[in-house]
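One file, input.txt, is given below (compact mmCIF, C-alpha atoms).
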# COMPACT_ATOMS: atom_id res chain seq x y z
CA MET Q 1 74.27 20.45 -30.57
CA LYS Q 2 71.74 17.82 -31.78
CA PRO Q 3 69.78 16.16 -28.94
CA GLU Q 4 70.53 12.50 -28.32
CA PRO Q 5 67.78 10.09 -29.48
CA ASN Q 6 67.40 8.92 -25.88
CA ASN Q 7 66.57 12.49 -24.87
CA HIS Q 8 63.68 12.49 -27.35
CA LEU Q 9 62.40 9.21 -25.90
CA GLN Q 10 62.71 10.48 -22.36
CA ALA Q 11 60.95 13.76 -23.15
CA LEU Q 12 58.07 11.96 -24.88
CA SER Q 13 57.76 9.43 -22.08
CA GLN Q 14 57.61 12.23 -19.48
CA ALA Q 15 55.01 14.13 -21.53
CA ILE Q 16 52.71 11.08 -21.52
CA VAL Q 17 53.23 10.37 -17.81
CA GLN Q 18 52.56 14.02 -16.99
CA GLY Q 19 49.54 14.16 -19.35
CA LEU Q 20 50.96 16.98 -21.50
CA VAL Q 21 48.60 16.41 -24.42
CA ASP Q 22 49.79 19.41 -26.51
CA GLU Q 23 53.43 18.40 -26.21
CA ALA Q 24 53.17 14.66 -26.88
CA GLY Q 25 52.48 14.89 -30.64
CA PRO Q 26 55.28 17.36 -31.45
CA LEU Q 27 57.73 15.34 -29.32
CA ALA Q 28 56.82 12.19 -31.25
CA GLU Q 29 57.43 14.12 -34.49
CA LYS Q 30 60.85 15.24 -33.21
CA ALA Q 31 61.82 11.67 -32.35
CA VAL Q 32 60.93 10.49 -35.88
CA ALA Q 33 62.66 13.51 -37.45
CA ALA Q 34 65.80 12.59 -35.48
CA GLY Q 35 65.87 9.30 -37.39
CA MET Q 36 64.26 7.02 -34.83
CA LYS Q 37 62.04 4.21 -36.11
CA PRO Q 38 58.35 4.73 -35.14
CA LEU Q 39 58.12 1.22 -33.64
CA GLN Q 40 61.18 1.93 -31.50
CA VAL Q 41 59.56 5.13 -30.20
CA ILE Q 42 56.34 3.25 -29.41
CA GLU Q 43 58.08 0.36 -27.66
CA GLN Q 44 60.69 2.37 -25.76
CA ALA Q 45 58.77 5.53 -24.86
CA CYS Q 46 55.01 5.24 -25.30
CA VAL Q 47 54.30 1.77 -23.93
CA PRO Q 48 56.40 2.14 -20.74
CA ALA Q 49 54.89 5.61 -20.18
CA ILE Q 50 51.25 4.49 -20.35
CA GLU Q 51 52.11 1.52 -18.13
CA GLU Q 52 53.57 3.97 -15.60
CA VAL Q 53 50.37 6.07 -15.76
CA GLY Q 54 48.41 2.89 -14.99
CA ARG Q 55 50.74 1.99 -12.13
CA LEU Q 56 50.39 5.46 -10.56
CA TRP Q 57 46.59 5.21 -10.84
CA GLU Q 58 46.54 1.76 -9.22
CA ALA Q 59 48.82 3.01 -6.44
CA GLY Q 60 46.43 5.89 -5.73
CA ASP Q 61 49.02 8.54 -6.71
CA TYR Q 62 47.02 9.54 -9.80
CA PHE Q 63 43.34 10.40 -9.93
CA LEU Q 64 40.84 10.38 -12.80
CA PRO Q 65 42.00 13.67 -14.43
CA GLU Q 66 45.63 12.48 -14.54
CA LEU Q 67 44.61 9.10 -15.93
CA ILE Q 68 42.52 10.72 -18.70
CA ALA Q 69 45.30 13.22 -19.53
CA GLY Q 70 47.86 10.41 -19.78
CA ALA Q 71 45.61 8.45 -22.13
CA GLU Q 72 44.99 11.55 -24.28
CA ALA Q 73 48.72 12.35 -24.46
CA MET Q 74 49.40 8.76 -25.52
CA LYS Q 75 46.69 9.07 -28.19
CA ALA Q 76 48.28 12.29 -29.54
CA ALA Q 77 51.70 10.62 -29.78
CA MET Q 78 50.27 7.46 -31.36
CA THR Q 79 48.43 9.47 -34.06
CA VAL Q 80 51.79 10.85 -35.21
CA LEU Q 81 53.62 7.54 -34.91
CA GLN Q 82 50.98 5.48 -36.72
CA GLU Q 83 51.09 7.97 -39.60
CA ALA Q 84 54.90 7.63 -39.67
CA LEU Q 85 54.55 3.83 -39.67
CA LYS Q 86 52.13 4.00 -42.60
CA SER Q 87 54.53 6.23 -44.56
CA SER Q 88 57.34 3.74 -44.02
CA GLY Q 89 55.13 0.85 -45.16
CA GLN Q 90 55.04 -0.70 -41.69
CA SER Q 91 52.11 -1.28 -39.41
CA LEU Q 92 51.74 -1.68 -35.67
CA LYS Q 93 50.64 -5.14 -34.61
CA SER Q 94 47.22 -4.78 -33.03
CA ALA Q 95 46.85 -6.05 -29.47
CA GLY Q 96 43.32 -7.13 -30.43
CA ARG Q 97 40.03 -5.74 -31.68
CA VAL Q 98 37.40 -4.70 -29.14
CA VAL Q 99 33.75 -3.77 -29.63
CA ILE Q 100 32.72 -1.66 -26.63
CA GLY Q 101 29.56 0.09 -25.52
CA THR Q 102 27.17 0.85 -22.67
CA VAL Q 103 24.25 -1.58 -22.75
CA GLU Q 104 20.67 -0.86 -23.76
CA GLY Q 105 18.69 1.36 -21.38
CA ASP Q 106 21.84 2.98 -19.94
CA ILE Q 107 23.10 6.37 -21.16
CA HIS Q 108 26.16 6.60 -18.87
CA ASP Q 109 29.36 6.68 -20.89
CA ILE Q 110 32.16 8.40 -18.93
CA GLY Q 111 33.58 5.12 -17.59
CA LYS Q 112 33.12 3.38 -20.92
CA ASN Q 113 34.89 6.25 -22.73
CA LEU Q 114 37.83 6.00 -20.35
CA VAL Q 115 38.12 2.24 -20.87
CA ALA Q 116 38.02 2.80 -24.65
CA SER Q 117 40.77 5.44 -24.39
CA MET Q 118 42.99 3.23 -22.25
CA LEU Q 119 42.50 0.27 -24.60
CA ARG Q 120 43.42 2.41 -27.61
CA ALA Q 121 46.44 3.78 -25.76
CA SER Q 122 47.52 0.21 -25.10
CA GLY Q 123 47.45 -0.84 -28.75
CA PHE Q 124 43.93 -2.25 -29.12
CA GLU Q 125 41.69 -1.41 -32.06
CA VAL Q 126 38.44 -0.13 -30.55
CA ILE Q 127 35.01 0.06 -32.14
CA ASP Q 128 33.00 2.24 -29.75
CA LEU Q 129 29.24 1.85 -30.18
CA GLY Q 130 28.41 4.56 -27.63
CA ALA Q 131 25.67 4.27 -25.01
CA ASP Q 132 22.20 2.66 -24.92
CA VAL Q 133 23.34 -0.04 -27.36
CA LYS Q 134 20.90 -2.80 -28.31
CA VAL Q 135 21.91 -6.37 -27.46
CA GLU Q 136 21.82 -7.52 -31.10
CA ARG Q 137 24.05 -4.64 -32.21
CA PHE Q 138 26.94 -5.80 -30.02
CA VAL Q 139 26.83 -9.27 -31.53
CA GLU Q 140 26.29 -8.15 -35.13
CA THR Q 141 29.12 -5.58 -34.93
CA ALA Q 142 31.50 -8.10 -33.34
CA GLU Q 143 30.80 -10.54 -36.18
CA ARG Q 144 31.11 -7.94 -38.93
CA GLU Q 145 34.31 -6.38 -37.50
CA LYS Q 146 35.85 -9.78 -36.65
CA ALA Q 147 36.34 -8.60 -33.07
CA ASP Q 148 38.23 -10.52 -30.40
CA ILE Q 149 36.45 -9.01 -27.40
CA ILE Q 150 33.00 -7.60 -26.65
CA ALA Q 151 33.21 -5.15 -23.72
CA LEU Q 152 29.92 -4.29 -21.98
CA SER Q 153 29.48 -1.40 -19.56
CA ALA Q 154 26.49 -0.93 -17.23
CA LEU Q 155 26.09 1.77 -14.58
CA LEU Q 156 22.63 0.82 -13.34
CA THR Q 157 21.61 -2.38 -11.55
CA THR Q 158 18.55 -2.53 -13.82
CA THR Q 159 20.66 -2.55 -17.01
CA MET Q 160 23.17 -5.15 -15.81
CA LEU Q 161 20.70 -7.77 -17.06
CA ASN Q 162 21.41 -6.61 -20.61
CA GLN Q 163 25.03 -7.68 -20.14
CA LYS Q 164 23.61 -11.12 -19.40
CA ARG Q 165 21.37 -10.93 -22.48
CA VAL Q 166 24.37 -10.32 -24.75
CA VAL Q 167 26.06 -13.48 -23.41
CA GLU Q 168 22.80 -15.42 -23.84
CA LEU Q 169 22.45 -14.22 -27.44
CA LEU Q 170 26.02 -15.33 -28.21
CA VAL Q 171 25.25 -18.76 -26.74
CA SER Q 172 21.97 -19.11 -28.65
CA ARG Q 173 23.71 -18.23 -31.94
CA GLY Q 174 26.59 -20.63 -31.27
CA LEU Q 175 29.08 -17.74 -31.10
CA LYS Q 176 30.14 -17.84 -27.45
CA ASP Q 177 33.51 -19.45 -28.24
CA LYS Q 178 34.23 -16.92 -30.98
CA PHE Q 179 34.40 -13.82 -28.76
CA LYS Q 180 35.65 -13.05 -25.27
CA VAL Q 181 33.14 -11.04 -23.22
CA MET Q 182 34.28 -8.46 -20.66
CA VAL Q 183 31.91 -6.64 -18.30
CA GLY Q 184 32.32 -3.66 -16.01
CA GLY Q 185 30.57 -0.69 -14.39
CA ALA Q 186 29.87 0.55 -10.88
CA PRO Q 187 27.29 -2.09 -9.79
CA VAL Q 188 29.00 -4.98 -11.60
CA THR Q 189 31.07 -7.49 -9.62
CA GLU Q 190 33.38 -10.36 -10.46
CA LYS Q 191 30.79 -12.74 -9.00
CA PHE Q 192 28.11 -11.37 -11.35
CA ALA Q 193 30.51 -11.68 -14.31
CA ARG Q 194 31.05 -15.36 -13.50
CA GLU Q 195 27.33 -15.99 -12.98
CA ILE Q 196 26.37 -14.65 -16.43
CA GLY Q 197 29.19 -16.50 -18.19
CA ALA Q 198 31.39 -13.49 -19.02
CA ASP Q 199 35.08 -14.21 -19.57
CA GLY Q 200 36.46 -11.22 -17.70
CA TYR Q 201 35.65 -8.37 -15.33
CA GLY Q 202 37.44 -5.03 -15.00
CA GLU Q 203 36.95 -2.96 -11.87
CA SER Q 204 38.74 0.05 -13.40
CA ALA Q 205 39.92 1.22 -16.82
CA VAL Q 206 43.49 0.17 -16.03
CA GLN Q 207 42.35 -3.26 -14.87
CA ALA Q 208 40.22 -3.61 -18.01
CA VAL Q 209 43.36 -3.31 -20.15
CA SER Q 210 45.21 -6.04 -18.25
CA VAL Q 211 42.11 -8.28 -18.34
CA ALA Q 212 41.82 -7.75 -22.12
CA ARG Q 213 45.48 -8.61 -22.56
CA SER Q 214 45.20 -11.77 -20.46
CA LEU Q 215 42.06 -12.90 -22.32
CA LEU Q 216 43.93 -12.74 -25.63
CA ALA Q 217 47.31 -14.02 -24.43
CA GLY Q 218 48.53 -16.72 -26.77
CA ARG Q 219 45.37 -16.53 -28.85
CA GLY Q 220 45.29 -15.69 -32.56
CA GLY Q 221 42.93 -12.80 -33.37
CA ASN Q 222 39.75 -13.16 -35.42
CA HIS Q 223 40.81 -10.51 -37.88
CA ASP Q 224 43.29 -10.43 -40.75
So that I can check it, write out the structure of this file as structure tokens.
Amino acid sequence: MKPEPNNHLQALSQAIVQGLVDEAGPLAEKAVAAGMKPLQVIEQACVPAIEEVGRLWEAGDYFLPELIAGAEAMKAAMTVLQEALKSSGQSLKSAGRVVIGTVEGDIHDIGKNLVASMLRASGFEVIDLGADVKVERFVETAEREKADIIALSALLTTTMLNQKRVVELLVSRGLKDKFKVMVGGAPVTEKFAREIGADGYGESAVQAVSVARSLLAGRGGNHD
């Protein structure tokens, strides 16, 4: 007997929530093979699943390994589904384009990598510049890539000032209204974010996604 389409959705959703990275891709393939539209699979299985992973993390029921596994499972499913969308001549509407990196002088990237993964899992296009990124490079990349958001991570109190320098460079070049700036990292606070003129602050990777969404709510993107 052929499995019901809803069973495919349920199995994929559970795989993402449980962080079953090796199973998520094949389950997404099965859902498409069963005749389900890729967008339907994304909207009805993937998005609710990654939101549930975020909810469990916020509630303290999930810890860092579960959060990372959920994001990786989502990524595996989305790789399959985006390929299926391309084959059918459709494309997934981007939630926004984000340039992200750890600021100059700071080589810490675990938190930044997690934020990038969660953003990708939530439908954002992410240009990850890595760690120890020069101030000018953030601005130049955001302009070239027609980004919506510049996300700046700092793990040291001494490098937090480079988050401020990025905002100052945007202001001096008359670009501050063109991009939303998000900051985060262990020593960073909401108060500091406000003081330097950033538009948003994310205390965790999950919070960073909701802040990014709220910053772009009702706003047309910079890209085509």
Dig up all the protein and nucleic acid residues within 9 Å of (45.8, 8.8, -24.6) in the file frame, using all atoms listed in the file, and format them as JSON, numbers by chain. {"Q": [16, 19, 21, 50, 67, 68, 69, 70, 71, 72, 73, 74, 75, 76, 77, 78, 117, 118, 120, 121, 122]}
Record the distance separating atom CA of Q:Leu152 and atom CA of Q:Val135, expressed in Å with one decimal.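 Interatomic distance, atom CA of Q:Leu152 to atom CA of Q:Val135: 9.9 Å.
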Proximity to Q:Ala151 - best of Q:Gly101, Q:Gly123, Q:Gly89, Q:Gly96, all atoms listed in the file: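 Using all atoms listed in the file, the shortest distance to Q:Ala151 belongs to Q:Gly101.
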My list of candidates is Q:Glu52, Q:Glu145, Q:Glu58, Q:Glu125. Which is closest to Q:Ala95 when distances are computed with only C-alpha atoms?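 For Q:Ala95, the nearest of the given residues is Q:Glu125.
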Leaving out stretch 161-163 of chain Q and any residue of its chain fewer than 6 positions from it, which residues lie within 9 Å of it when counting all atoms listed in the file, given as a ChimeraX atom specification? /Q:103-105,134-135,152-154,183,193,196,198
Of the candidates Q:Val126, Q:Phe138, Q:Glu203, Q:Glu66, which one gets nearest to Q:Ala15 if we count only C-alpha atoms?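 Answer, going by the shortest atom-to-atom distance: Q:Glu66.
The nearest approach to Q:Asp128 among the residues Q:Ile110, Q:Tyr201, Q:Ala142, Q:Val99, with all atoms listed in the file taken into account, belongs to Q:Val99.
In this model, the gap between atom CA of Q:Ile127 and atom CA of Q:Leu20 comes to 25.6 Å.
Of the residues listed (Q:Leu155, Q:Ala116, Q:Val98, Q:Val209), Q:Val98 shows the shortest atom-to-atom separation from Q:Phe179; distances use all atoms listed in the file.
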With distances taken over only C-alpha atoms, which residue among Q:Val53, Q:Ala28, Q:Ala131, Q:Ala59 lies nearest Q:Gln82?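 Of all the options, Q:Ala28 lies closest to Q:Gln82.
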